[in-house]
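K.L.:
Sharing protein05.txt, compact mmCIF, C-alpha atoms and all ligand atoms:
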# COMPACT_ATOMS: atom_id res chain seq x y z
CA MET F 1 -91.63 218.63 -73.04
CA GLN F 2 -90.19 215.24 -72.31
CA GLU F 3 -86.80 216.37 -73.54
CA ARG F 4 -86.88 219.29 -71.16
CA VAL F 5 -87.64 217.00 -68.26
CA VAL F 6 -84.75 214.78 -69.23
CA LEU F 7 -82.48 217.81 -69.56
CA ARG F 8 -83.53 219.16 -66.19
CA ARG F 9 -82.90 215.78 -64.59
CA LEU F 10 -79.52 215.55 -66.24
CA MET F 11 -78.59 218.99 -64.93
CA ALA F 12 -79.72 218.11 -61.43
CA LEU F 13 -77.72 214.90 -61.64
CA SER F 14 -74.57 216.66 -62.82
CA ILE F 15 -74.83 219.14 -59.96
CA LEU F 16 -75.12 216.23 -57.56
CA VAL F 17 -72.12 214.49 -59.10
CA LEU F 18 -70.11 217.71 -58.98
CA ALA F 19 -71.06 218.26 -55.35
CA ALA F 20 -69.99 214.72 -54.50
CA ALA F 21 -66.71 215.17 -56.38
CA THR F 22 -65.97 218.46 -54.60
CA ASN F 23 -66.69 216.83 -51.28
CA LEU F 24 -64.39 213.93 -52.11
CA ALA F 25 -61.57 216.15 -53.36
CA ALA F 26 -61.33 217.73 -49.94
CA GLN F 27 -60.82 214.30 -48.44
CA TYR F 28 -57.76 213.40 -50.43
CA PRO F 29 -54.29 214.06 -49.09
CA GLN F 30 -53.59 217.51 -50.52
CA PRO F 31 -50.18 218.62 -51.72
CA GLY F 32 -48.50 221.58 -50.08
CA PRO F 33 -47.28 222.33 -46.57
CA ASP F 34 -48.18 220.03 -43.69
CA ARG F 35 -51.64 220.70 -42.34
CA VAL F 36 -52.03 221.04 -38.61
CA TYR F 37 -55.09 219.88 -36.72
CA ALA F 38 -55.99 220.15 -33.06
CA ILE F 39 -58.56 217.49 -32.23
CA LYS F 40 -60.55 218.21 -29.06
CA ALA F 41 -61.49 214.81 -27.72
CA GLY F 42 -64.27 214.71 -25.13
CA LYS F 43 -63.14 211.20 -24.28
CA LEU F 44 -59.95 209.55 -25.45
CA VAL F 45 -59.64 205.77 -25.26
CA ASP F 46 -56.36 203.91 -24.89
CA PRO F 47 -57.28 200.32 -25.88
CA GLU F 48 -54.04 198.87 -24.52
CA LYS F 49 -54.70 200.22 -21.02
CA GLY F 50 -58.45 199.90 -21.39
CA ALA F 51 -58.60 203.43 -20.01
CA THR F 52 -60.51 206.58 -20.92
CA GLU F 53 -59.28 210.12 -20.34
CA THR F 54 -61.44 213.19 -20.68
CA ASN F 55 -60.92 216.54 -22.44
CA GLN F 56 -57.74 215.70 -24.30
CA ILE F 57 -56.16 217.51 -27.22
CA ILE F 58 -54.48 215.60 -30.03
CA LEU F 59 -52.19 217.72 -32.14
CA VAL F 60 -51.66 216.38 -35.66
CA ARG F 61 -49.01 217.77 -37.98
CA GLY F 62 -48.83 216.38 -41.50
CA LYS F 63 -49.32 212.65 -41.33
CA LYS F 64 -48.37 212.23 -37.70
CA ILE F 65 -49.50 212.77 -34.17
CA GLU F 66 -47.30 215.42 -32.59
CA ALA F 67 -48.68 215.70 -29.08
CA VAL F 68 -51.45 214.35 -26.87
CA GLY F 69 -52.60 215.75 -23.54
CA ALA F 70 -55.00 217.93 -21.59
CA ASN F 71 -52.86 221.06 -21.83
CA VAL F 72 -51.33 220.82 -25.28
CA PRO F 73 -51.01 224.39 -26.63
CA ILE F 74 -52.94 224.86 -29.89
CA PRO F 75 -50.75 226.63 -32.47
CA ALA F 76 -52.29 229.53 -34.39
CA GLU F 77 -52.09 227.65 -37.71
CA ALA F 78 -54.04 224.63 -36.39
CA LYS F 79 -57.51 223.87 -37.59
CA VAL F 80 -59.60 222.80 -34.60
CA ILE F 81 -61.78 219.71 -34.91
CA ASP F 82 -64.33 219.66 -32.13
CA LEU F 83 -65.03 216.10 -30.99
CA SER F 84 -65.76 217.16 -27.43
CA LYS F 85 -69.05 215.25 -27.45
CA SER F 86 -67.49 212.08 -28.89
CA THR F 87 -65.14 209.29 -27.91
CA VAL F 88 -61.88 209.29 -29.83
CA LEU F 89 -59.79 206.18 -30.39
CA PRO F 90 -57.17 204.74 -32.74
CA GLY F 91 -58.35 203.55 -36.18
CA LEU F 92 -59.53 199.95 -36.32
CA PHE F 93 -57.83 196.96 -37.96
CA ASP F 94 -59.32 194.09 -39.93
CA ALA F 95 -56.65 191.41 -40.17
CA HIS F 96 -58.53 189.24 -42.66
CA THR F 97 -59.96 190.98 -45.72
CA HIS F 98 -60.48 190.18 -49.40
CA LEU F 99 -60.90 193.66 -50.81
CA CYS F 100 -60.43 192.63 -54.43
CA MET F 101 -63.19 190.06 -54.52
CA THR F 102 -66.93 190.49 -54.17
CA LEU F 103 -69.20 187.47 -54.49
CA LYS F 104 -72.46 188.38 -56.18
CA ARG F 105 -75.80 186.67 -55.82
CA PRO F 106 -77.56 185.12 -57.56
CA ARG F 107 -74.80 184.84 -60.17
CA ASP F 108 -72.19 183.09 -57.99
CA GLY F 109 -74.37 181.12 -55.59
CA TYR F 110 -72.16 180.30 -52.60
CA SER F 111 -69.07 179.71 -54.76
CA TYR F 112 -66.32 182.29 -55.02
CA TYR F 113 -64.73 179.96 -57.57
CA ILE F 114 -67.46 181.30 -59.90
CA THR F 115 -66.61 184.86 -58.80
CA THR F 116 -62.98 184.39 -59.81
CA LEU F 117 -64.00 182.98 -63.19
CA MET F 118 -66.43 185.79 -63.95
CA ASP F 119 -64.61 188.91 -62.74
CA PRO F 120 -61.33 189.85 -64.45
CA THR F 121 -58.48 191.41 -62.49
CA PRO F 122 -59.04 195.02 -63.70
CA TYR F 123 -62.64 194.92 -62.50
CA ARG F 124 -61.55 193.41 -59.20
CA ALA F 125 -59.02 196.19 -58.72
CA ILE F 126 -61.86 198.70 -59.08
CA GLU F 127 -63.96 196.73 -56.62
CA GLY F 128 -60.94 196.89 -54.34
CA VAL F 129 -60.96 200.69 -54.54
CA ALA F 130 -64.64 200.79 -53.56
CA ASN F 131 -64.23 198.25 -50.77
CA ALA F 132 -61.15 200.07 -49.44
CA ARG F 133 -63.09 203.35 -49.35
CA ASP F 134 -65.99 201.65 -47.55
CA MET F 135 -63.69 200.04 -44.99
CA LEU F 136 -62.14 203.43 -44.25
CA ALA F 137 -65.58 205.03 -43.89
CA ALA F 138 -66.43 202.39 -41.27
CA GLY F 139 -63.29 203.27 -39.29
CA PHE F 140 -60.90 200.54 -40.49
CA THR F 141 -57.64 202.39 -41.12
CA THR F 142 -55.45 199.28 -41.56
CA VAL F 143 -56.18 195.89 -43.11
CA ARG F 144 -54.32 192.69 -43.84
CA ASP F 145 -55.64 191.46 -47.18
CA VAL F 146 -55.17 187.72 -47.41
CA GLY F 147 -55.40 186.92 -51.09
CA ASN F 148 -58.01 186.01 -53.68
CA SER F 149 -57.08 189.11 -55.62
CA GLY F 150 -56.80 187.79 -59.19
CA ASN F 151 -53.48 188.69 -60.74
CA TYR F 152 -52.12 190.89 -57.91
CA ALA F 153 -54.93 193.44 -57.92
CA ASP F 154 -54.15 193.73 -54.19
CA THR F 155 -50.61 194.96 -54.86
CA ALA F 156 -51.98 197.58 -57.28
CA LEU F 157 -54.55 198.67 -54.70
CA ARG F 158 -51.96 198.90 -51.91
CA GLU F 159 -49.66 201.01 -54.08
CA ALA F 160 -52.51 203.28 -55.21
CA ILE F 161 -53.50 203.88 -51.58
CA GLU F 162 -49.88 204.47 -50.54
CA ARG F 163 -49.48 207.07 -53.29
CA GLY F 164 -52.67 208.87 -52.26
CA LEU F 165 -54.33 208.06 -55.58
CA VAL F 166 -57.39 206.67 -53.83
CA PRO F 167 -58.48 206.73 -50.18
CA GLY F 168 -58.19 203.49 -48.27
CA PRO F 169 -56.73 201.75 -45.24
CA THR F 170 -53.04 200.96 -44.97
CA MET F 171 -52.76 197.52 -46.53
CA ILE F 172 -50.61 194.50 -45.88
CA ASN F 173 -51.31 192.19 -48.83
CA ALA F 174 -50.75 188.53 -49.59
CA GLY F 175 -50.80 188.32 -53.39
CA ARG F 176 -51.42 184.73 -54.49
CA ILE F 177 -52.43 182.22 -51.87
CA ILE F 178 -50.00 179.31 -51.59
CA ALA F 179 -51.71 175.93 -51.31
CA PRO F 180 -51.51 172.23 -51.99
CA TYR F 181 -52.62 171.25 -55.52
CA GLY F 182 -56.10 172.60 -56.28
CA GLY F 183 -56.03 175.38 -53.69
CA GLN F 184 -59.51 175.94 -52.33
CA PHE F 185 -61.18 174.82 -55.54
CA HIS F 186 -62.30 171.52 -57.00
CA LEU F 187 -61.10 171.55 -60.58
CA GLN F 188 -61.96 169.32 -63.48
CA PRO F 189 -59.16 167.62 -65.40
CA GLU F 190 -59.95 169.29 -68.76
CA LYS F 191 -59.64 172.72 -67.18
CA ARG F 192 -56.69 172.52 -64.87
CA ASP F 193 -55.66 176.15 -65.18
CA LEU F 194 -58.79 177.72 -63.80
CA ALA F 195 -57.32 178.26 -60.34
CA THR F 196 -54.62 180.45 -61.90
CA PRO F 197 -53.74 183.12 -60.91
CA GLU F 198 -55.80 182.87 -57.71
CA TYR F 199 -53.60 180.17 -56.13
CA ALA F 200 -49.98 179.14 -56.43
CA PHE F 201 -49.94 175.38 -56.05
CA ALA F 202 -46.92 174.30 -54.05
CA ASP F 203 -46.51 170.67 -53.03
CA THR F 204 -42.76 170.28 -52.82
CA HIS F 205 -40.35 172.42 -50.85
CA ASP F 206 -38.88 173.78 -54.11
CA GLU F 207 -42.33 174.88 -55.20
CA MET F 208 -42.95 176.48 -51.81
CA ILE F 209 -39.79 178.58 -51.97
CA LYS F 210 -40.56 179.56 -55.57
CA ALA F 211 -44.13 180.57 -54.69
CA ILE F 212 -43.01 182.68 -51.73
CA ARG F 213 -40.34 184.47 -53.74
CA GLU F 214 -42.66 185.08 -56.70
CA ASN F 215 -45.19 186.57 -54.32
CA ILE F 216 -42.64 188.88 -52.75
CA HIS F 217 -41.38 189.89 -56.19
CA TYR F 218 -44.89 190.90 -57.23
CA GLY F 219 -45.52 192.97 -54.15
CA ALA F 220 -46.87 190.68 -51.43
CA THR F 221 -46.10 191.96 -47.92
CA VAL F 222 -47.40 188.91 -46.06
CA ILE F 223 -47.48 185.23 -47.05
CA LYS F 224 -50.81 183.43 -46.92
CA ILE F 225 -51.03 179.67 -47.12
CA VAL F 226 -54.02 177.34 -47.18
CA VAL F 227 -53.19 174.34 -45.01
CA ASP F 228 -56.14 172.06 -45.38
CA ASP F 229 -58.80 172.48 -48.03
CA GLN F 230 -57.87 169.23 -49.80
CA LYS F 231 -57.57 165.66 -48.51
CA TYR F 232 -53.80 166.09 -48.57
CA ILE F 233 -52.81 168.84 -46.14
CA TYR F 234 -49.56 170.57 -45.29
CA SER F 235 -47.61 168.83 -42.55
CA ALA F 236 -46.10 170.76 -39.65
CA ASP F 237 -42.72 170.31 -41.38
CA ASP F 238 -44.01 171.81 -44.64
CA ILE F 239 -45.48 174.75 -42.77
CA ARG F 240 -42.34 175.32 -40.69
CA PHE F 241 -40.32 175.27 -43.91
CA MET F 242 -42.48 178.07 -45.36
CA VAL F 243 -42.49 180.07 -42.11
CA GLU F 244 -38.68 180.00 -42.13
CA GLU F 245 -38.45 181.13 -45.76
CA ALA F 246 -41.02 183.92 -45.21
CA HIS F 247 -39.25 185.12 -42.05
CA ARG F 248 -35.86 185.06 -43.77
CA ASP F 249 -37.35 187.43 -46.33
CA GLY F 250 -38.86 189.67 -43.63
CA LEU F 251 -42.50 188.62 -44.07
CA LYS F 252 -44.95 186.98 -41.71
CA LEU F 253 -47.05 183.97 -42.56
CA ALA F 254 -50.81 183.54 -42.17
CA ALA F 255 -52.27 180.04 -42.33
CA HIS F 256 -55.85 179.26 -43.33
CA CYS F 257 -56.97 176.31 -41.18
CA TRP F 258 -60.48 174.99 -41.55
CA THR F 259 -59.96 171.60 -39.91
CA ARG F 260 -58.78 170.36 -36.57
CA ALA F 261 -55.77 168.61 -38.13
CA GLY F 262 -54.80 171.66 -40.18
CA ALA F 263 -54.93 174.00 -37.20
CA HIS F 264 -52.92 171.52 -35.13
CA ASN F 265 -50.14 171.42 -37.74
CA ALA F 266 -50.08 175.21 -38.03
CA ALA F 267 -49.99 175.69 -34.25
CA GLU F 268 -47.16 173.17 -33.96
CA ALA F 269 -45.21 174.87 -36.76
CA GLY F 270 -45.53 178.27 -35.07
CA VAL F 271 -47.14 180.29 -37.86
CA ASP F 272 -47.65 183.99 -37.19
CA SER F 273 -51.40 183.59 -37.38
CA ILE F 274 -54.03 180.92 -37.71
CA GLU F 275 -56.98 182.10 -39.79
CA HIS F 276 -60.45 180.75 -38.90
CA GLY F 277 -59.36 177.81 -36.69
CA GLU F 278 -62.96 177.12 -35.72
CA MET F 279 -62.29 173.43 -35.07
CA MET F 280 -59.39 174.04 -32.70
CA THR F 281 -59.32 172.00 -29.50
CA ASN F 282 -58.36 173.58 -26.20
CA GLU F 283 -55.05 171.68 -26.39
CA ASP F 284 -54.30 173.25 -29.77
CA LEU F 285 -55.30 176.67 -28.48
CA GLN F 286 -52.78 176.10 -25.66
CA LEU F 287 -50.18 175.02 -28.22
CA ALA F 288 -50.87 178.14 -30.30
CA LYS F 289 -50.45 180.30 -27.19
CA LYS F 290 -47.18 178.59 -26.29
CA ASN F 291 -45.83 179.09 -29.83
CA HIS F 292 -46.91 182.78 -29.96
CA VAL F 293 -49.43 182.13 -32.70
CA VAL F 294 -52.12 184.80 -33.04
CA LEU F 295 -55.65 183.63 -33.72
CA VAL F 296 -57.52 185.58 -36.40
CA GLY F 297 -60.79 183.81 -35.82
CA THR F 298 -62.99 185.45 -38.49
CA ASP F 299 -65.88 184.81 -36.13
CA PHE F 300 -68.81 184.79 -38.51
CA THR F 301 -71.93 186.44 -37.16
CA GLU F 302 -75.23 184.69 -37.56
CA SER F 303 -76.03 186.67 -40.71
CA ALA F 304 -72.51 186.34 -42.16
CA ALA F 305 -72.57 182.57 -41.64
CA LEU F 306 -75.95 182.43 -43.35
CA GLU F 307 -74.67 184.48 -46.30
CA ASN F 308 -71.74 182.07 -46.60
CA GLY F 309 -74.02 179.07 -46.70
CA PHE F 310 -72.89 177.60 -43.35
CA PRO F 311 -75.40 178.84 -40.75
CA GLU F 312 -74.52 175.87 -38.53
CA LEU F 313 -70.95 177.15 -38.10
CA HIS F 314 -71.89 180.40 -36.36
CA SER F 315 -72.21 178.69 -32.98
CA VAL F 316 -69.01 176.71 -33.64
CA PHE F 317 -67.09 179.96 -34.17
CA VAL F 318 -68.60 181.63 -31.11
CA ASP F 319 -67.80 178.61 -28.95
CA ARG F 320 -64.19 178.57 -30.15
CA LEU F 321 -63.94 182.34 -29.59
CA LYS F 322 -65.12 181.82 -26.03
CA ARG F 323 -62.61 179.01 -25.45
CA ALA F 324 -59.77 180.96 -27.08
CA TYR F 325 -60.46 183.88 -24.76
CA GLN F 326 -60.46 181.57 -21.73
CA VAL F 327 -57.18 179.94 -22.80
CA GLY F 328 -55.67 183.38 -23.36
CA VAL F 329 -54.34 182.97 -26.85
CA THR F 330 -53.63 186.37 -28.44
CA MET F 331 -56.38 187.32 -30.87
CA ALA F 332 -56.64 189.85 -33.68
CA PHE F 333 -59.92 190.92 -35.20
CA GLY F 334 -60.52 189.61 -38.73
CA THR F 335 -63.69 189.20 -40.73
CA ASP F 336 -63.35 187.40 -44.05
CA SER F 337 -66.17 189.52 -45.54
CA PHE F 338 -66.41 189.20 -49.31
CA ILE F 339 -70.09 188.87 -50.17
CA TYR F 340 -72.23 191.69 -51.53
CA VAL F 341 -75.22 192.22 -49.26
CA PRO F 342 -77.83 194.81 -50.30
CA GLY F 343 -77.97 197.79 -47.95
CA GLU F 344 -74.57 197.01 -46.44
CA THR F 345 -71.03 198.04 -47.35
CA ARG F 346 -67.89 196.00 -46.89
CA GLY F 347 -67.15 198.23 -43.90
CA THR F 348 -70.52 197.88 -42.17
CA GLN F 349 -70.34 194.12 -42.64
CA ALA F 350 -66.87 193.97 -41.12
CA ALA F 351 -67.89 196.06 -38.09
CA GLU F 352 -70.87 193.76 -37.50
CA TYR F 353 -68.46 190.97 -36.46
CA VAL F 354 -68.23 192.49 -32.98
CA ASP F 355 -71.63 190.81 -32.46
CA SER F 356 -69.88 187.44 -32.22
CA TRP F 357 -67.41 188.82 -29.66
CA VAL F 358 -70.30 190.10 -27.56
CA GLU F 359 -72.04 186.73 -27.87
CA ALA F 360 -68.87 184.92 -26.76
CA GLY F 361 -68.71 187.14 -23.68
CA VAL F 362 -65.37 188.75 -24.54
CA PRO F 363 -65.04 192.04 -22.60
CA ALA F 364 -65.10 195.24 -24.68
CA LYS F 365 -61.53 196.06 -23.67
CA ASP F 366 -60.19 192.79 -25.08
CA THR F 367 -62.25 193.11 -28.26
CA LEU F 368 -60.91 196.63 -28.76
CA GLN F 369 -57.36 195.38 -28.23
CA ALA F 370 -57.95 192.70 -30.89
CA MET F 371 -59.13 195.49 -33.22
CA THR F 372 -56.12 197.73 -32.57
CA ILE F 373 -52.90 196.93 -30.73
CA ASN F 374 -52.96 193.11 -31.15
CA ALA F 375 -53.61 193.43 -34.87
CA ALA F 376 -50.96 196.14 -35.22
CA ARG F 377 -48.38 193.81 -33.64
CA LEU F 378 -49.43 190.88 -35.83
CA LEU F 379 -49.16 193.03 -38.94
CA GLY F 380 -45.78 194.36 -37.78
CA VAL F 381 -46.89 198.01 -37.90
CA ASP F 382 -47.14 198.69 -34.15
CA GLY F 383 -44.17 201.08 -34.36
CA GLU F 384 -46.14 203.20 -36.83
CA ARG F 385 -49.85 202.91 -36.03
CA GLY F 386 -52.44 201.25 -33.81
CA ALA F 387 -52.38 203.73 -30.91
CA ILE F 388 -52.77 207.46 -30.32
CA ARG F 389 -49.27 208.47 -29.33
CA PRO F 390 -46.81 211.16 -30.45
CA GLY F 391 -44.77 209.97 -33.41
CA LEU F 392 -47.36 207.52 -34.72
CA ALA F 393 -49.45 207.94 -37.86
CA ALA F 394 -52.58 210.02 -37.32
CA ASP F 395 -55.11 207.22 -37.86
CA ILE F 396 -57.85 208.47 -35.59
CA ILE F 397 -61.58 207.72 -35.38
CA ALA F 398 -64.47 208.81 -33.21
CA THR F 399 -67.73 207.26 -32.06
CA PRO F 400 -70.77 208.82 -30.37
CA GLU F 401 -70.54 206.35 -27.47
CA ASN F 402 -67.51 204.94 -25.63
CA PRO F 403 -66.71 201.47 -27.08
CA LEU F 404 -65.30 200.46 -23.68
CA ASP F 405 -68.84 200.83 -22.30
CA ASN F 406 -70.48 199.25 -25.32
CA ILE F 407 -68.33 197.73 -28.05
CA GLN F 408 -71.22 198.08 -30.50
CA ALA F 409 -70.23 201.77 -30.64
CA VAL F 410 -67.56 200.84 -33.20
CA ARG F 411 -70.40 200.20 -35.65
CA LYS F 412 -71.24 203.91 -35.60
CA VAL F 413 -67.98 205.60 -36.49
CA SER F 414 -68.67 209.30 -37.11
CA PHE F 415 -65.16 210.63 -37.72
CA VAL F 416 -62.21 209.15 -39.61
CA MET F 417 -58.78 210.67 -40.00
CA LYS F 418 -56.30 208.65 -42.06
CA ASP F 419 -52.61 209.59 -42.05
CA GLY F 420 -53.55 213.12 -40.98
CA SER F 421 -56.23 213.65 -43.65
CA VAL F 422 -59.87 213.97 -42.63
CA PHE F 423 -61.86 211.37 -44.56
CA LYS F 424 -65.16 211.58 -42.70
CA ASN F 425 -66.64 214.02 -40.21
CA GLU F 426 -70.35 213.68 -39.51
ZN ZN M 1 -60.58 184.48 -46.11
Could you write out this structure as structure tokens?
Ligand SMILES: [Zn+2]
P.N.:
Amino acid sequence: MQERVVLRRLMALSILVLAAATNLAAQYPQPGPDRVYAIKAGKLVDPEKGATETNQIILVRGKKIEAVGANVPIPAEAKVIDLSKSTVLPGLFDAHTHLCMTLKRPRDGYSYYITTLMDPTPYRAIEGVANARDMLAAGFTTVRDVGNSGNYADTALREAIERGLVPGPTMINAGRIIAPYGGQFHLQPEKRDLATPEYAFADTHDEMIKAIRENIHYGATVIKIVVDDQKYIYSADDIRFMVEEAHRDGLKLAAHCWTRAGAHNAAEAGVDSIEHGEMMTNEDLQLAKKNHVVLVGTDFTESAALENGFPELHSVFVDRLKRAYQVGVTMAFGTDSFIYVPGETRGTQAAEYVDSWVEAGVPAKDTLQAMTINAARLLGVDGERGAIRPGLAADIIATPENPLDNIQAVRKVSFVMKDGSVFKNE
């Protein structure tokens, strides 16, 4: 009797698994001739203009957008996707992710140093696959992944996504984070190697060049440095030196700045982006603006700050976000989510960060620009994605409400098309 119950449950389970697998298979990029879709958009948002048009048709052929307009003829071979009751917009960007790391409570406490010691690279690559899928499901079609990926799990994940092996956002990845001795950890002298491979320590200019070139060799497509998590921090000269090497090699440079002094040096050196920067003064925000530095503020929501163990910093981030908006420094949306929270996914946690933007009083249009066109420019992919325009990749999402009316709408993404493949349609 019991055996039969077990058997019946097993059968039911296998049917469920099969159903899920069949459903997933349809979401993968399929081989064969280019598929053609005609998306009927009730409302179509252009974040750059902050404008909404009604009753538009987006024609997608293969991976790209072919035409957009009210009177685009629908070819006979096109499959029609009816989003006439939704708002359609370009896929979102998160310019500060750590897909290949998930801090787990209670095991790791508040220390991702423990996470890196406990989880080997192969496991972290698999976590990366799951996090990438969840980001895509939440509408994030492009991410910049800024390190803490073990031994280049991020490169493996990027390549797997690019080959269509697994679904995920387009990735720009940083490989190993370059930092002054110790990185973001506090080591003990008997165990000096425990920050390897997470960080590449680089204190001299020779070490900096070596670290940048090693990263590029192993598949990094952006350089990430930590300016200031030790008492000794990178000077503006050190940072400028690394920016020049990265740019010579065709990569941009992102600088983690947790202190006022660190952010000042990075702004002066003209990095491509300052990450966090919560202690920035208005003068340094002005300096960043003057030097074309983008702020990726990772503006921790109240709950995200609590999860990170620094609830007091939430208001600091929101205040700096408000000041940065007033100064007019270019901003790109970035989250820094890496903690497992029951009932949430990496994607839902990332989308929640719009709460901080609302709290800081940033208009929906500007927040949406930070989540699309500004991030696309920072990542250097604005010629390929970040807008709904003929010739660009078909990274298209939809929401029940218009995010220009209420930015919280981006937390309820109901449709996701990635590179012309439908990933989600609810
Ligand atoms: Zn981070």
K.L.:
For the interface of chain F with ligand ZN 1 (chain M) (cut-off 7 Å, counting only C-alpha atoms and all ligand atoms), please tabulate each contacting residue of chain F alongside its nearest pair of atoms and their separation in Å to one decimal, rows sorted by chain and increasing number, as a tab-separated table.
P.N.:
residue	atom	partner	partner_atom	distance
F:His96	CA	M:ZN1	ZN	6.2
F:Thr97	CA	M:ZN1	ZN	6.5
F:His98	CA	M:ZN1	ZN	6.6
F:Val146	CA	M:ZN1	ZN	6.4
F:Asp336	CA	M:ZN1	ZN	4.5
K.L.:
Create the file for the chosen residues now, containing C-alpha atoms and written as a tab-separated table (two decimals), keeping the file's coordinate frame.
P.N.:
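Okay, again-v4.tsv is ready:
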chain	number	residue	atom	x	y	z
F	96	HIS	CA	-58.53	189.24	-42.66
F	97	THR	CA	-59.96	190.98	-45.72
F	98	HIS	CA	-60.48	190.18	-49.40
F	146	VAL	CA	-55.17	187.72	-47.41
F	336	ASP	CA	-63.35	187.40	-44.05
K.L.:
Could you check the closest approach to Asp108 (chain F) for each of F:Asn308, F:Arg133, F:Met417, F:Glu384 and tell me which residue wins, using only C-alpha atoms?
P.N.:
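Counting only C-alpha atoms, the residue closest to Asp108 (chain F) is F:Asn308.
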K.L.:
Find the residues near region 147-158 of chain F: any atom within 8 Å, counting only C-alpha atoms, skip ones fewer than 4 places away on the same chain, and give them as an MDAnalysis selection string.
P.N.:
chainID F and resid 98:101 116 120:122 124:125 128:129 162 170:177 197:199 218:220 224
K.L.:
With 4 Å on each side, where is the centre of the axis-aligned box around all listed atoms of region 359-369 of chain F, and how long are its edges in Å to one decimal, as AutoDock Vina command-line options?
P.N.:
--center_x -64.7 --center_y 190.8 --center_z -25.7 --size_x 22.7 --size_y 19.7 --size_z 14.2
K.L.:
Mind checking which residues fall within 8 Å of region 206-214 of chain F, counting all atoms listed in the file, ignoring those fewer than 6 positions away in the same chain, and posting them as a list in words?
P.N.:
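Counting all atoms listed in the file, the residues come to Ile178, Ala200, Ile223, Met242, Glu245 and Ala246 of chain F.
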K.L.:
Choose the residue, out of F:Glu283, F:Asp272, F:Glu312, F:Glu77, that has the smallest atom-to-atom separation from Glu244 (chain F); count all atoms listed in the file.
P.N.:
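Using all atoms listed in the file, Glu244 (chain F) sits closest to F:Asp272.
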K.L.:
Name all residues at most 7 Å from Glu302 (chain F) (count all atoms listed in the file; drop same-chain ones fewer than 4 positions away) and give them as a ChimeraX atom specification.
P.N.:
/F:306,311,314
K.L.:
Within 12 Å of Arg385 (chain F), counting all atoms listed in the file, which residues show up once you throw out same-chain ones fewer than 6 positions away? Write them as a VMD selection string, please.
P.N.:
chain F and resid 63 to 65 89 to 93 141 to 143 169 to 170 372 to 377 379 391 to 396 418 to 420
K.L.:
What does the structure give for the distance between CA of Pro180 (chain F) and CA of Ala202 (chain F), in Å to one decimal?
P.N.:
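CA of Pro180 (chain F) sits 5.4 Å away from CA of Ala202 (chain F).
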K.L.:
Compare F:Arg61, F:Arg260, F:Lys79, F:His276 by their minimum atom-to-atom distance to Lys40 (chain F), counting all atoms listed in the file, and give me the closest one.
P.N.:
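Residue with the minimum atom-to-atom distance to Lys40 (chain F): F:Lys79.
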K.L.:
Of the residues F:Ala304, F:Lys289, F:Gly386, F:Asn425, which is the one nearest to Val327 (chain F), using all atoms listed in the file?
P.N.:
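For Val327 (chain F), the nearest of the candidates is F:Lys289.
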